[in-house]
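Visitor: I'd like to ask you about the structure that follows.
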Amino acid sequence: MSTGRVLTHLVLALGVLLFLFPVWLVFAASTQEAAAISRGELSLLPRLEGLAIYPQVLAGTGEGAQHGAVWRMLGVSFAMALGIAAGKLVVSLLAAYAVAFFRFPLRMAGFWLIFLTLMLPVEVRIIPTFEVVADFGLINTFGGLVLPLVASATATLLYRQTFLLLPDELVEAARMDGAGPLRFLRDMAIPLSAPNTAALFVILFVYGWNQYLWPLIAVTDPGLQTIMVGIVRMIGIEGQTYWNRVMATAMLAMVPPVLVVLAMQRWFVKGLSEGGA
């Protein structure tokens, strides 16, 4: 093996170590006693008997279980992330299709207005967004968690770029065959943008899963508490913090997005390499 390949593999191994070491540290801490972690007596070797903390955390039982069952938080977060990803894909797909294939007044002005919203993250528009959601009576509802986050300027831009790469001959052939706009969207545009859609879905799912500020503000019902908010609330400010439960919950919070990435890995890589995502 050449020196260059050896160096490349060493750098890759170092990168893997840097990424996995914090995860291993969290896993090891989850199997140890909370008091030992608080004292700083953290071992890098997990305790097998400490694995019993995971079913306790999921079920919301055991010492320090006043914050509720984690399985419910995981379910709420999964449903919210899935709803945000699906909503963003549908809205962005239709918006990009209209901009790319239809000709109407102020078409490009509308597109650039959508694009300019990239400069306004959720944190900047949090107060007007909350007022709108409150006026519609969506506070403490699942719809209030999802609907304010379904618009995506980035996904709209990427879909538009994908549609612009479709050859004009394909569009003309579809028109000659009598395919209307909806049929062309269903039979041509959506299938041809499938790799791009898969890559966007993974990115948008992880984005929705990691949401913290908006669920913290929009929901006070414990039944709609997301896993990210739940982890923060487990860290006591005045009372005792059960760090083993916090670490176990953090490990469980990593599982769904990792499974989504692994399940769609082939499409994700194809979308990034071919779809221009």
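Each chain in the structure tokens gets a letter, A, B, ..., in the order shown, and its residues are numbered from 1; ligands are numbered from 1 in order too.
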Neighbours of Arg160 (chain A) within 8 Å (only C-alpha atoms; same-chain residues fewer than 4 positions away dropped), as a PyMOL selection string?

Guide: chain A and resi 96-97+99-100+156+164

Visitor: Would you put the residues from that selection into a file with C-alpha atoms, as a PDB file, in the first residue's frame?

Guide:
```
ATOM      1  CA  ALA A  96     -40.387  25.047  -7.659  1.00  0.00           C
ATOM      2  CA  TYR A  97     -42.535  23.357 -10.319  1.00  0.00           C
ATOM      3  CA  VAL A  99     -41.555  28.732 -10.999  1.00  0.00           C
ATOM      4  CA  ALA A 100     -39.706  26.428 -13.417  1.00  0.00           C
ATOM      5  CA  THR A 156     -37.442  25.144  -3.314  1.00  0.00           C
ATOM      6  CA  LEU A 164     -34.285  23.416 -14.985  1.00  0.00           C
TER       7      LEU A 164
END
```

Visitor: With only C-alpha atoms counted and 8 Å as the cut-off, give the residues of region 23-126 of chain A in contact with region 192-201 of chain A, each with its shortest interatomic distance in Å and the pair that gives it, as a tab-separated table.

Guide:
```
residue	atom	partner	partner_atom	distance
A:Ala85	CA	A:Phe201	CA	5.8
A:Ala86	CA	A:Phe201	CA	7.5
A:Leu89	CA	A:Phe201	CA	7.3
```

Visitor: Once DSSP has gone over the backbone, tell me which residues of region 195-246 of chain A are in alpha helix (DSSP H), as a ChimeraX atom specification.

Guide: /A:195-209,213-218,227-234,243-246

Visitor: With 10 Å as the cut-off and only C-alpha atoms counted, what is the closest atom pair between each nearby residue of region 46-124 of chain A and region 238-255 of chain A? Distances in Å to one decimal, ordered by chain and number, as a Markdown table.

Guide:
```
| residue | atom | partner | partner_atom | distance |
| --- | --- | --- | --- | --- |
| A:Gly50 | CA | A:Asn244 | CA | 8.9 |
| A:Leu51 | CA | A:Ala248 | CA | 9.0 |
| A:Ile53 | CA | A:Arg245 | CA | 6.9 |
| A:Tyr54 | CA | A:Ala248 | CA | 6.2 |
| A:Pro55 | CA | A:Ala248 | CA | 9.8 |
| A:Gln56 | CA | A:Arg245 | CA | 8.8 |
| A:Val57 | CA | A:Arg245 | CA | 6.5 |
| A:Leu58 | CA | A:Thr249 | CA | 8.1 |
| A:Gly62 | CA | A:Arg245 | CA | 9.7 |
| A:Glu63 | CA | A:Tyr242 | CA | 8.2 |
| A:Gly64 | CA | A:Tyr242 | CA | 6.3 |
| A:Ala65 | CA | A:Arg245 | CA | 8.5 |
| A:Val70 | CA | A:Thr249 | CA | 7.1 |
| A:Trp71 | CA | A:Leu252 | CA | 9.1 |
| A:Met73 | CA | A:Ala253 | CA | 9.3 |
| A:Leu74 | CA | A:Ala253 | CA | 7.1 |
| A:Ser77 | CA | A:Ala253 | CA | 9.2 |
| A:Phe78 | CA | A:Ala253 | CA | 9.9 |
```

Visitor: Check the smallest atom-to-atom distance from each of A:Thr226, A:Thr3, A:Gln211, A:Asn140 to Glu123 (chain A) using only C-alpha atoms, then report the winner.

Guide: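 Of the candidates, the smallest distance to Glu123 (chain A) is held by A:Gln211.
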
Visitor: Go ahead and compute the interatomic distance for CA of Leu262 (chain A) and CA of Pro121 (chain A), in Å to one decimal.

Guide: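 Interatomic distance here is 28.3 Å.
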